[in-house]
file target.pdb (PDB, C-alpha atoms, pLDDT in the B column)
ATOM      1  CA  MET A   1     -84.575  52.719 105.512  1.00 70.00           C
ATOM      2  CA  THR A   2     -87.152  50.500 107.036  1.00 78.00           C
ATOM      3  CA  GLY A   3     -88.535  47.318 105.596  1.00 77.00           C
ATOM      4  CA  ASP A   4     -91.697  49.114 104.397  1.00 78.00           C
ATOM      5  CA  GLU A   5     -89.677  51.801 102.640  1.00 79.00           C
ATOM      6  CA  ILE A   6     -87.551  49.189 100.873  1.00 78.00           C
ATOM      7  CA  TYR A   7     -90.673  47.279  99.836  1.00 76.00           C
ATOM      8  CA  ASN A   8     -92.325  50.446  98.510  1.00 77.00           C
ATOM      9  CA  PHE A   9     -89.146  51.417  96.626  1.00 78.00           C
ATOM     10  CA  ILE A  10     -88.956  47.987  95.005  1.00 74.00           C
ATOM     11  CA  MET A  11     -92.642  48.058  94.053  1.00 78.00           C
ATOM     12  CA  TYR A  12     -92.439  51.587  92.692  1.00 79.00           C
ATOM     13  CA  HIS A  13     -89.308  50.792  90.657  1.00 80.00           C
ATOM     14  CA  PHE A  14     -90.179  47.155  89.932  1.00 81.00           C
ATOM     15  CA  GLU A  15     -89.126  47.282  86.258  1.00 84.00           C
ATOM     16  CA  VAL A  16     -85.758  48.847  87.139  1.00 82.00           C
ATOM     17  CA  VAL A  17     -85.081  46.287  89.875  1.00 80.00           C
ATOM     18  CA  LEU A  18     -86.148  43.445  87.575  1.00 85.00           C
ATOM     19  CA  THR A  19     -83.911  44.761  84.785  1.00 89.00           C
ATOM     20  CA  PHE A  20     -80.989  45.115  87.200  1.00 88.00           C
ATOM     21  CA  LEU A  21     -81.460  41.540  88.469  1.00 88.00           C
ATOM     22  CA  GLY A  22     -81.692  40.272  84.888  1.00 92.00           C
ATOM     23  CA  ALA A  23     -78.470  42.082  84.000  1.00 92.00           C
ATOM     24  CA  LEU A  24     -76.798  40.655  87.096  1.00 92.00           C
ATOM     25  CA  VAL A  25     -77.882  37.113  86.172  1.00 93.00           C
ATOM     26  CA  ALA A  26     -76.708  37.655  82.590  1.00 93.00           C
ATOM     27  CA  PHE A  27     -73.332  38.937  83.801  1.00 92.00           C
ATOM     28  CA  PHE A  28     -72.717  35.956  86.072  1.00 91.00           C
ATOM     29  CA  SER A  29     -73.977  33.537  83.413  1.00 93.00           C
ATOM     30  CA  ALA A  30     -71.558  35.010  80.879  1.00 92.00           C
ATOM     31  CA  TYR A  31     -68.730  34.893  83.427  1.00 93.00           C
ATOM     32  CA  PHE A  32     -69.310  31.223  84.255  1.00 92.00           C
ATOM     33  CA  ALA A  33     -69.840  30.307  80.593  1.00 93.00           C
ATOM     34  CA  ARG A  34     -66.544  31.981  79.673  1.00 94.00           C
ATOM     35  CA  ARG A  35     -64.768  30.199  82.512  1.00 93.00           C
ATOM     36  CA  GLU A  36     -66.200  26.852  81.381  1.00 94.00           C
ATOM     37  CA  THR A  37     -65.200  27.581  77.777  1.00 93.00           C
ATOM     38  CA  ARG A  38     -61.610  28.250  78.861  1.00 94.00           C
ATOM     39  CA  ARG A  39     -61.593  25.052  80.878  1.00 93.00           C
ATOM     40  CA  GLN A  40     -62.883  23.068  77.886  1.00 94.00           C
ATOM     41  CA  GLN A  41     -60.244  24.667  75.637  1.00 94.00           C
ATOM     42  CA  MET A  42     -57.523  23.660  78.090  1.00 94.00           C
ATOM     43  CA  ILE A  43     -58.876  20.097  78.145  1.00 94.00           C
ATOM     44  CA  GLN A  44     -58.977  19.980  74.334  1.00 94.00           C
ATOM     45  CA  THR A  45     -55.445  21.361  74.078  1.00 93.00           C
ATOM     46  CA  GLU A  46     -54.134  18.777  76.520  1.00 95.00           C
ATOM     47  CA  SER A  47     -56.030  16.031  74.685  1.00 94.00           C
ATOM     48  CA  LEU A  48     -54.458  17.157  71.405  1.00 93.00           C
ATOM     49  CA  ARG A  49     -50.995  17.090  72.991  1.00 93.00           C
ATOM     50  CA  ILE A  50     -51.601  13.580  74.265  1.00 95.00           C
ATOM     51  CA  ASN A  51     -52.800  12.449  70.818  1.00 94.00           C
ATOM     52  CA  ILE A  52     -49.727  13.945  69.142  1.00 92.00           C
ATOM     53  CA  ASP A  53     -47.447  12.309  71.710  1.00 93.00           C
ATOM     54  CA  ASN A  54     -49.139   8.951  71.154  1.00 95.00           C
ATOM     55  CA  ALA A  55     -48.896   9.284  67.365  1.00 94.00           C
ATOM     56  CA  SER A  56     -45.237  10.231  67.684  1.00 94.00           C
ATOM     57  CA  LEU A  57     -44.563   7.197  69.872  1.00 95.00           C
ATOM     58  CA  GLU A  58     -46.361   4.939  67.399  1.00 96.00           C
ATOM     59  CA  TRP A  59     -44.230   6.407  64.611  1.00 96.00           C
ATOM     60  CA  GLY A  60     -41.080   5.797  66.660  1.00 95.00           C
ATOM     61  CA  ASN A  61     -42.074   2.208  67.381  1.00 96.00           C
ATOM     62  CA  ALA A  62     -42.743   1.599  63.689  1.00 96.00           C
ATOM     63  CA  ALA A  63     -39.359   3.156  62.828  1.00 96.00           C
ATOM     64  CA  ILE A  64     -37.568   0.896  65.312  1.00 95.00           C
ATOM     65  CA  ASP A  65     -39.336  -2.188  63.944  1.00 96.00           C
ATOM     66  CA  THR A  66     -38.615  -1.295  60.318  1.00 95.00           C
ATOM     67  CA  MET A  67     -34.971  -0.472  61.032  1.00 93.00           C
ATOM     68  CA  GLY A  68     -34.646  -3.822  62.797  1.00 92.00           C
ATOM     69  CA  ARG A  69     -36.121  -5.633  59.822  1.00 93.00           C
ATOM     70  CA  ALA A  70     -33.779  -3.742  57.479  1.00 91.00           C
ATOM     71  CA  ALA A  71     -30.786  -4.724  59.615  1.00 89.00           C
ATOM     72  CA  ALA A  72     -31.951  -8.341  59.599  1.00 89.00           C
ATOM     73  CA  LEU A  73     -32.312  -8.286  55.823  1.00 89.00           C
ATOM     74  CA  ALA A  74     -28.825  -6.826  55.426  1.00 86.00           C
ATOM     75  CA  SER A  75     -27.221  -9.385  57.701  1.00 84.00           C
ATOM     76  CA  SER A  76     -29.106 -12.376  56.288  1.00 83.00           C
ATOM     77  CA  ARG A  77     -29.267 -11.438  52.594  1.00 81.00           C
ATOM     78  CA  HIS A  78     -26.959 -14.294  51.585  1.00 80.00           C
ATOM     79  CA  GLN A  79     -29.368 -16.817  53.152  1.00 82.00           C
ATOM     80  CA  PHE A  80     -32.147 -16.118  50.632  1.00 81.00           C
ATOM     81  CA  THR A  81     -32.395 -18.948  48.141  1.00 81.00           C
ATOM     82  CA  ASN A  82     -33.635 -16.801  45.261  1.00 85.00           C
ATOM     83  CA  ASP A  83     -33.655 -13.197  44.138  1.00 85.00           C
ATOM     84  CA  VAL A  84     -37.461 -12.949  43.999  1.00 90.00           C
ATOM     85  CA  ALA A  85     -37.917 -13.468  47.746  1.00 89.00           C
ATOM     86  CA  PHE A  86     -35.016 -11.139  48.505  1.00 89.00           C
ATOM     87  CA  GLN A  87     -36.327  -8.406  46.192  1.00 91.00           C
ATOM     88  CA  SER A  88     -39.825  -8.742  47.639  1.00 92.00           C
ATOM     89  CA  ASN A  89     -38.538  -8.279  51.192  1.00 92.00           C
ATOM     90  CA  LYS A  90     -36.279  -5.434  50.110  1.00 92.00           C
ATOM     91  CA  THR A  91     -39.131  -3.653  48.302  1.00 94.00           C
ATOM     92  CA  ASN A  92     -41.450  -3.995  51.288  1.00 95.00           C
ATOM     93  CA  LEU A  93     -38.794  -2.569  53.590  1.00 96.00           C
ATOM     94  CA  MET A  94     -38.124   0.328  51.236  1.00 95.00           C
ATOM     95  CA  ILE A  95     -41.844   1.122  51.078  1.00 96.00           C
ATOM     96  CA  GLY A  96     -41.997   1.037  54.882  1.00 96.00           C
ATOM     97  CA  LEU A  97     -38.944   3.278  55.238  1.00 96.00           C
ATOM     98  CA  SER A  98     -40.264   5.731  52.650  1.00 95.00           C
ATOM     99  CA  SER A  99     -43.605   5.890  54.443  1.00 96.00           C
ATOM    100  CA  LEU A 100     -41.899   6.470  57.785  1.00 96.00           C
ATOM    101  CA  ILE A 101     -39.809   9.275  56.326  1.00 94.00           C
ATOM    102  CA  GLU A 102     -42.844  11.043  54.903  1.00 92.00           C
ATOM    103  CA  ARG A 103     -44.901  10.546  58.073  1.00 93.00           C
ATOM    104  CA  GLY A 104     -41.939  11.711  60.142  1.00 93.00           C
ATOM    105  CA  ARG A 105     -41.995  15.052  58.319  1.00 88.00           C
ATOM    106  CA  MET A 106     -45.235  15.805  60.167  1.00 88.00           C
ATOM    107  CA  PHE A 107     -43.546  15.361  63.541  1.00 90.00           C
ATOM    108  CA  PHE A 108     -40.107  16.736  62.700  1.00 88.00           C
ATOM    109  CA  PRO A 109     -40.153  19.808  60.445  1.00 84.00           C
ATOM    110  CA  ASN A 110     -37.056  20.963  58.603  1.00 82.00           C
ATOM    111  CA  LEU A 111     -34.463  22.839  60.652  1.00 81.00           C
ATOM    112  CA  GLU A 112     -33.367  26.412  59.889  1.00 75.00           C
ATOM    113  CA  PRO A 113     -35.739  27.012  56.945  1.00 63.00           C
ATOM    114  CA  GLU A 114     -34.172  30.398  56.209  1.00 67.00           C
ATOM    115  CA  SER A 115     -30.722  28.880  55.590  1.00 67.00           C
ATOM    116  CA  LYS A 116     -31.429  26.584  52.635  1.00 66.00           C
ATOM    117  CA  GLY A 117     -33.884  26.310  49.766  1.00 58.00           C
ATOM    118  CA  GLY A 118     -34.990  29.935  49.497  1.00 61.00           C
ATOM    119  CA  GLU A 119     -36.527  29.249  46.081  1.00 67.00           C
ATOM    120  CA  LYS A 120     -38.605  26.319  47.352  1.00 65.00           C
ATOM    121  CA  PHE A 121     -42.039  26.202  48.951  1.00 66.00           C
ATOM    122  CA  ALA A 122     -42.047  26.776  52.717  1.00 66.00           C
ATOM    123  CA  ALA A 123     -42.476  23.077  53.547  1.00 65.00           C
ATOM    124  CA  PHE A 124     -39.276  22.206  51.640  1.00 67.00           C
ATOM    125  CA  LYS A 125     -36.951  24.907  52.972  1.00 73.00           C
ATOM    126  CA  GLY A 126     -34.210  24.122  55.463  1.00 78.00           C
ATOM    127  CA  GLU A 127     -32.286  21.046  56.550  1.00 84.00           C
ATOM    128  CA  ARG A 128     -33.861  17.663  57.139  1.00 83.00           C
ATOM    129  CA  PRO A 129     -33.716  16.740  60.850  1.00 88.00           C
ATOM    130  CA  PRO A 130     -31.147  14.098  61.845  1.00 90.00           C
ATOM    131  CA  ILE A 131     -33.809  11.593  62.883  1.00 90.00           C
ATOM    132  CA  LEU A 132     -35.115  11.552  59.318  1.00 92.00           C
ATOM    133  CA  ASP A 133     -31.557  11.528  57.926  1.00 91.00           C
ATOM    134  CA  ALA A 134     -31.040   8.206  59.691  1.00 91.00           C
ATOM    135  CA  LEU A 135     -34.104   6.764  57.973  1.00 94.00           C
ATOM    136  CA  MET A 136     -32.961   8.174  54.613  1.00 93.00           C
ATOM    137  CA  TRP A 137     -29.572   6.528  55.101  1.00 92.00           C
ATOM    138  CA  ALA A 138     -31.281   3.217  55.915  1.00 91.00           C
ATOM    139  CA  TYR A 139     -33.479   3.610  52.812  1.00 93.00           C
ATOM    140  CA  HIS A 140     -30.458   4.138  50.547  1.00 91.00           C
ATOM    141  CA  GLU A 141     -28.490   1.324  52.176  1.00 89.00           C
ATOM    142  CA  THR A 142     -31.452  -1.025  51.776  1.00 89.00           C
ATOM    143  CA  ASN A 143     -31.831   0.035  48.149  1.00 89.00           C
ATOM    144  CA  ALA A 144     -28.149  -0.751  47.506  1.00 87.00           C
ATOM    145  CA  LEU A 145     -28.395  -4.249  49.007  1.00 85.00           C
ATOM    146  CA  GLN A 146     -28.061  -7.235  46.732  1.00 80.00           C
ATOM    147  CA  ARG A 147     -28.599 -10.851  47.622  1.00 69.00           C
ATOM    148  CA  GLU A 148     -24.966 -11.713  46.990  1.00 69.00           C
ATOM    149  CA  GLY A 149     -22.188  -9.167  47.453  1.00 63.00           C
ATOM    150  CA  GLY A 150     -23.202  -5.763  46.217  1.00 61.00           C
ATOM    151  CA  PRO A 151     -21.903  -2.287  46.839  1.00 52.00           C
ATOM    152  CA  THR A 152     -22.398  -2.471  50.591  1.00 54.00           C
ATOM    153  CA  GLY A 153     -20.279  -4.460  52.998  1.00 51.00           C
ATOM    154  CA  ASP A 154     -21.335  -6.801  55.752  1.00 58.00           C
ATOM    155  CA  ASN A 155     -21.557  -3.820  58.087  1.00 61.00           C
ATOM    156  CA  SER A 156     -24.707  -2.553  56.303  1.00 64.00           C
ATOM    157  CA  ALA A 157     -26.805  -4.106  59.038  1.00 63.00           C
TER     158      ALA A 157
END
call {"tool": "encode", "arguments": {"input": "target.pdb", "output": "structure tokens"}}
result
Amino acid sequence: MTGDEIYNFIMYHFEVVLTFLGALVAFFSAYFARRETRRQQMIQTESLRINIDNASLEWGNAAIDTMGRAAALASSRHQFTNDVAFQSNKTNLMIGLSSLIERGRMFFPNLEPESKGGEKFAAFKGERPPILDALMWAYHETNALQREGGPTGDNSA
């Protein structure tokens, strides 16, 4: 085909050629839009992972701080001059530990949900993870502390 024949063909079938070009542009636009959407989804997924990791690290830091304060309370309980100050510190620590346990449930779901608690709601089935068991133990030990003596020994800290 010569240049004149191609030109005449295009002019004679102008609507068809224009429709074909429009479809071609639409196809490539959809392809690039889909590719960009996938890229944005990957970025959002990675951003969500980073946010969860950061929240988990913040939770861990708060757990370490609270456990340290609980250990300090246990080892220095006899140094409090009155029960009111001791009880206030103990209550604040117990609130902190309770909050950490509940927040930790979001990061560490129960293990083996099919093995225990079949009659319970899905969120309450299974075994509590060991990391939360440690906080529960600290909560109960803190609760058992008394300013002088008490049911726990000096090794409570």
call {"tool": "resolve_selection", "arguments": {"input": "target.pdb", "expression": "the PyMOL selection byres ((chain A and resi 130) around 12)", "output": "number ranges by chain"}}
result
A: 101, 104-105, 108-111, 127-129, 131-137
call {"tool": "resolve_selection", "arguments": {"input": "target.pdb", "expression": "the PyMOL selection byres ((chain A and resi 96) around 12)", "output": "PyMOL selection string"}}
result
chain A and resi 59+62-70+89-95+97-104+135-136+138-139+142
call {"tool": "closest_residue", "arguments": {"input": "target.pdb", "among": "A:Ala30, A:Gln44, A:Gln146, A:Ala71", "to": "Ala85 (chain A)", "atoms": "all atoms listed in the file"}}
result
A:Gln146
call {"tool": "atom_distance", "arguments": {"input": "target.pdb", "atom1": "CA of Thr37 (chain A)", "atom2": "CA of Ile52 (chain A)"}}
result
22.4 Å
call {"tool": "atom_distance", "arguments": {"input": "target.pdb", "atom1": "CA of Ser88 (chain A)", "atom2": "CA of Asn61 (chain A)"}}
result
22.7 Å
call {"tool": "atom_distance", "arguments": {"input": "target.pdb", "atom1": "CA of Phe107 (chain A)", "atom2": "CA of Leu48 (chain A)"}}
result
13.6 Å
call {"tool": "axis_aligned_box", "arguments": {"input": "target.pdb", "around": "region 56-71 of chain A", "padding_each_side": "4 Å", "output": "AutoDock Vina command-line options"}}
result
--center_x -38.6 --center_y 2.3 --center_z 63.7 --size_x 23.6 --size_y 23.9 --size_z 20.4
call {"tool": "decode", "arguments": {"input": "target.pdb", "residues": "region 33-66 of chain A", "atoms": "N, CA, C and O atoms", "output": "PDB file, in the first residue's frame"}}
result
ATOM      1  N   ALA A  33      -3.760   2.452  35.010  1.00  0.00           N
ATOM      2  CA  ALA A  33      -4.514   2.761  36.227  1.00  0.00           C
ATOM      3  C   ALA A  33      -4.517   1.551  37.167  1.00  0.00           C
ATOM      4  O   ALA A  33      -4.339   1.696  38.382  1.00  0.00           O
ATOM      5  N   ARG A  34      -4.712   0.366  36.602  1.00  0.00           N
ATOM      6  CA  ARG A  34      -4.704  -0.853  37.416  1.00  0.00           C
ATOM      7  C   ARG A  34      -3.327  -1.078  38.046  1.00  0.00           C
ATOM      8  O   ARG A  34      -3.207  -1.448  39.216  1.00  0.00           O
ATOM      9  N   ARG A  35      -2.290  -0.854  37.268  1.00  0.00           N
ATOM     10  CA  ARG A  35      -0.930  -1.006  37.770  1.00  0.00           C
ATOM     11  C   ARG A  35      -0.656  -0.014  38.904  1.00  0.00           C
ATOM     12  O   ARG A  35      -0.066  -0.370  39.928  1.00  0.00           O
ATOM     13  N   GLU A  36      -1.116   1.210  38.751  1.00  0.00           N
ATOM     14  CA  GLU A  36      -0.932   2.227  39.791  1.00  0.00           C
ATOM     15  C   GLU A  36      -1.741   1.871  41.041  1.00  0.00           C
ATOM     16  O   GLU A  36      -1.269   2.054  42.167  1.00  0.00           O
ATOM     17  N   THR A  37      -2.946   1.344  40.840  1.00  0.00           N
ATOM     18  CA  THR A  37      -3.775   0.926  41.969  1.00  0.00           C
ATOM     19  C   THR A  37      -3.086  -0.180  42.760  1.00  0.00           C
ATOM     20  O   THR A  37      -3.053  -0.148  43.994  1.00  0.00           O
ATOM     21  N   ARG A  38      -2.516  -1.149  42.073  1.00  0.00           N
ATOM     22  CA  ARG A  38      -1.788  -2.226  42.758  1.00  0.00           C
ATOM     23  C   ARG A  38      -0.592  -1.674  43.523  1.00  0.00           C
ATOM     24  O   ARG A  38      -0.314  -2.094  44.648  1.00  0.00           O
ATOM     25  N   ARG A  39       0.102  -0.742  42.913  1.00  0.00           N
ATOM     26  CA  ARG A  39       1.256  -0.138  43.576  1.00  0.00           C
ATOM     27  C   ARG A  39       0.816   0.605  44.836  1.00  0.00           C
ATOM     28  O   ARG A  39       1.443   0.492  45.895  1.00  0.00           O
ATOM     29  N   GLN A  40      -0.275   1.348  44.752  1.00  0.00           N
ATOM     30  CA  GLN A  40      -0.794   2.073  45.913  1.00  0.00           C
ATOM     31  C   GLN A  40      -1.249   1.105  47.006  1.00  0.00           C
ATOM     32  O   GLN A  40      -1.049   1.365  48.196  1.00  0.00           O
ATOM     33  N   GLN A  41      -1.863  -0.017  46.609  1.00  0.00           N
ATOM     34  CA  GLN A  41      -2.283  -1.015  47.594  1.00  0.00           C
ATOM     35  C   GLN A  41      -1.070  -1.611  48.306  1.00  0.00           C
ATOM     36  O   GLN A  41      -1.106  -1.843  49.520  1.00  0.00           O
ATOM     37  N   MET A  42      -0.011  -1.864  47.570  1.00  0.00           N
ATOM     38  CA  MET A  42       1.208  -2.398  48.177  1.00  0.00           C
ATOM     39  C   MET A  42       1.800  -1.387  49.152  1.00  0.00           C
ATOM     40  O   MET A  42       2.251  -1.757  50.244  1.00  0.00           O
ATOM     41  N   ILE A  43       1.772  -0.111  48.787  1.00  0.00           N
ATOM     42  CA  ILE A  43       2.291   0.937  49.674  1.00  0.00           C
ATOM     43  C   ILE A  43       1.438   1.021  50.934  1.00  0.00           C
ATOM     44  O   ILE A  43       1.960   1.126  52.046  1.00  0.00           O
ATOM     45  N   GLN A  44       0.111   0.961  50.778  1.00  0.00           N
ATOM     46  CA  GLN A  44      -0.779   1.020  51.938  1.00  0.00           C
ATOM     47  C   GLN A  44      -0.588  -0.190  52.845  1.00  0.00           C
ATOM     48  O   GLN A  44      -0.594  -0.064  54.073  1.00  0.00           O
ATOM     49  N   THR A  45      -0.425  -1.364  52.248  1.00  0.00           N
ATOM     50  CA  THR A  45      -0.211  -2.574  53.040  1.00  0.00           C
ATOM     51  C   THR A  45       1.084  -2.472  53.837  1.00  0.00           C
ATOM     52  O   THR A  45       1.125  -2.799  55.030  1.00  0.00           O
ATOM     53  N   GLU A  46       2.137  -2.010  53.202  1.00  0.00           N
ATOM     54  CA  GLU A  46       3.413  -1.862  53.890  1.00  0.00           C
ATOM     55  C   GLU A  46       3.317  -0.797  54.982  1.00  0.00           C
ATOM     56  O   GLU A  46       3.863  -0.964  56.070  1.00  0.00           O
ATOM     57  N   SER A  47       2.593   0.275  54.714  1.00  0.00           N
ATOM     58  CA  SER A  47       2.396   1.325  55.711  1.00  0.00           C
ATOM     59  C   SER A  47       1.631   0.772  56.917  1.00  0.00           C
ATOM     60  O   SER A  47       1.965   1.075  58.069  1.00  0.00           O
ATOM     61  N   LEU A  48       0.629  -0.045  56.655  1.00  0.00           N
ATOM     62  CA  LEU A  48      -0.135  -0.662  57.745  1.00  0.00           C
ATOM     63  C   LEU A  48       0.760  -1.584  58.567  1.00  0.00           C
ATOM     64  O   LEU A  48       0.705  -1.578  59.801  1.00  0.00           O
ATOM     65  N   ARG A  49       1.603  -2.359  57.904  1.00  0.00           N
ATOM     66  CA  ARG A  49       2.532  -3.234  58.633  1.00  0.00           C
ATOM     67  C   ARG A  49       3.463  -2.417  59.524  1.00  0.00           C
ATOM     68  O   ARG A  49       3.732  -2.789  60.672  1.00  0.00           O
ATOM     69  N   ILE A  50       3.965  -1.334  58.998  1.00  0.00           N
ATOM     70  CA  ILE A  50       4.869  -0.482  59.763  1.00  0.00           C
ATOM     71  C   ILE A  50       4.133   0.097  60.977  1.00  0.00           C
ATOM     72  O   ILE A  50       4.673   0.133  62.087  1.00  0.00           O
ATOM     73  N   ASN A  51       2.894   0.549  60.771  1.00  0.00           N
ATOM     74  CA  ASN A  51       2.111   1.101  61.882  1.00  0.00           C
ATOM     75  C   ASN A  51       1.853   0.057  62.960  1.00  0.00           C
ATOM     76  O   ASN A  51       1.931   0.353  64.161  1.00  0.00           O
ATOM     77  N   ILE A  52       1.537  -1.171  62.542  1.00  0.00           N
ATOM     78  CA  ILE A  52       1.301  -2.243  63.513  1.00  0.00           C
ATOM     79  C   ILE A  52       2.585  -2.562  64.263  1.00  0.00           C
ATOM     80  O   ILE A  52       2.576  -2.754  65.483  1.00  0.00           O
ATOM     81  N   ASP A  53       3.700  -2.628  63.538  1.00  0.00           N
ATOM     82  CA  ASP A  53       4.988  -2.880  64.194  1.00  0.00           C
ATOM     83  C   ASP A  53       5.310  -1.787  65.204  1.00  0.00           C
ATOM     84  O   ASP A  53       5.754  -2.080  66.325  1.00  0.00           O
ATOM     85  N   ASN A  54       5.082  -0.541  64.830  1.00  0.00           N
ATOM     86  CA  ASN A  54       5.354   0.569  65.749  1.00  0.00           C
ATOM     87  C   ASN A  54       4.452   0.510  66.980  1.00  0.00           C
ATOM     88  O   ASN A  54       4.907   0.729  68.107  1.00  0.00           O
ATOM     89  N   ALA A  55       3.172   0.211  66.767  1.00  0.00           N
ATOM     90  CA  ALA A  55       2.240   0.099  67.896  1.00  0.00           C
ATOM     91  C   ALA A  55       2.637  -1.058  68.805  1.00  0.00           C
ATOM     92  O   ALA A  55       2.564  -0.951  70.033  1.00  0.00           O
ATOM     93  N   SER A  56       3.073  -2.149  68.211  1.00  0.00           N
ATOM     94  CA  SER A  56       3.513  -3.300  68.997  1.00  0.00           C
ATOM     95  C   SER A  56       4.757  -2.960  69.816  1.00  0.00           C
ATOM     96  O   SER A  56       4.869  -3.341  70.990  1.00  0.00           O
ATOM     97  N   LEU A  57       5.689  -2.233  69.216  1.00  0.00           N
ATOM     98  CA  LEU A  57       6.880  -1.816  69.949  1.00  0.00           C
ATOM     99  C   LEU A  57       6.535  -0.858  71.081  1.00  0.00           C
ATOM    100  O   LEU A  57       7.104  -0.953  72.177  1.00  0.00           O
ATOM    101  N   GLU A  58       5.615   0.057  70.833  1.00  0.00           N
ATOM    102  CA  GLU A  58       5.171   0.970  71.891  1.00  0.00           C
ATOM    103  C   GLU A  58       4.542   0.185  73.035  1.00  0.00           C
ATOM    104  O   GLU A  58       4.779   0.488  74.215  1.00  0.00           O
ATOM    105  N   TRP A  59       3.719  -0.813  72.688  1.00  0.00           N
ATOM    106  CA  TRP A  59       3.106  -1.656  73.709  1.00  0.00           C
ATOM    107  C   TRP A  59       4.195  -2.374  74.509  1.00  0.00           C
ATOM    108  O   TRP A  59       4.133  -2.432  75.739  1.00  0.00           O
ATOM    109  N   GLY A  60       5.172  -2.930  73.828  1.00  0.00           N
ATOM    110  CA  GLY A  60       6.263  -3.630  74.502  1.00  0.00           C
ATOM    111  C   GLY A  60       7.052  -2.718  75.423  1.00  0.00           C
ATOM    112  O   GLY A  60       7.405  -3.106  76.549  1.00  0.00           O
ATOM    113  N   ASN A  61       7.321  -1.502  74.959  1.00  0.00           N
ATOM    114  CA  ASN A  61       8.036  -0.541  75.808  1.00  0.00           C
ATOM    115  C   ASN A  61       7.220  -0.197  77.056  1.00  0.00           C
ATOM    116  O   ASN A  61       7.766  -0.113  78.156  1.00  0.00           O
ATOM    117  N   ALA A  62       5.920  -0.006  76.865  1.00  0.00           N
ATOM    118  CA  ALA A  62       5.058   0.295  78.018  1.00  0.00           C
ATOM    119  C   ALA A  62       5.020  -0.896  78.975  1.00  0.00           C
ATOM    120  O   ALA A  62       5.013  -0.710  80.204  1.00  0.00           O
ATOM    121  N   ALA A  63       5.013  -2.112  78.442  1.00  0.00           N
ATOM    122  CA  ALA A  63       5.001  -3.310  79.291  1.00  0.00           C
ATOM    123  C   ALA A  63       6.293  -3.403  80.097  1.00  0.00           C
ATOM    124  O   ALA A  63       6.263  -3.694  81.301  1.00  0.00           O
ATOM    125  N   ILE A  64       7.418  -3.139  79.456  1.00  0.00           N
ATOM    126  CA  ILE A  64       8.704  -3.173  80.159  1.00  0.00           C
ATOM    127  C   ILE A  64       8.731  -2.129  81.272  1.00  0.00           C
ATOM    128  O   ILE A  64       9.142  -2.418  82.407  1.00  0.00           O
ATOM    129  N   ASP A  65       8.285  -0.915  80.971  1.00  0.00           N
ATOM    130  CA  ASP A  65       8.263   0.144  81.982  1.00  0.00           C
ATOM    131  C   ASP A  65       7.360  -0.222  83.164  1.00  0.00           C
ATOM    132  O   ASP A  65       7.738  -0.052  84.328  1.00  0.00           O
ATOM    133  N   THR A  66       6.173  -0.719  82.867  1.00  0.00           N
ATOM    134  CA  THR A  66       5.221  -1.050  83.928  1.00  0.00           C
ATOM    135  C   THR A  66       5.726  -2.220  84.767  1.00  0.00           C
ATOM    136  O   THR A  66       5.588  -2.216  85.998  1.00  0.00           O
TER     137      THR A  66
END
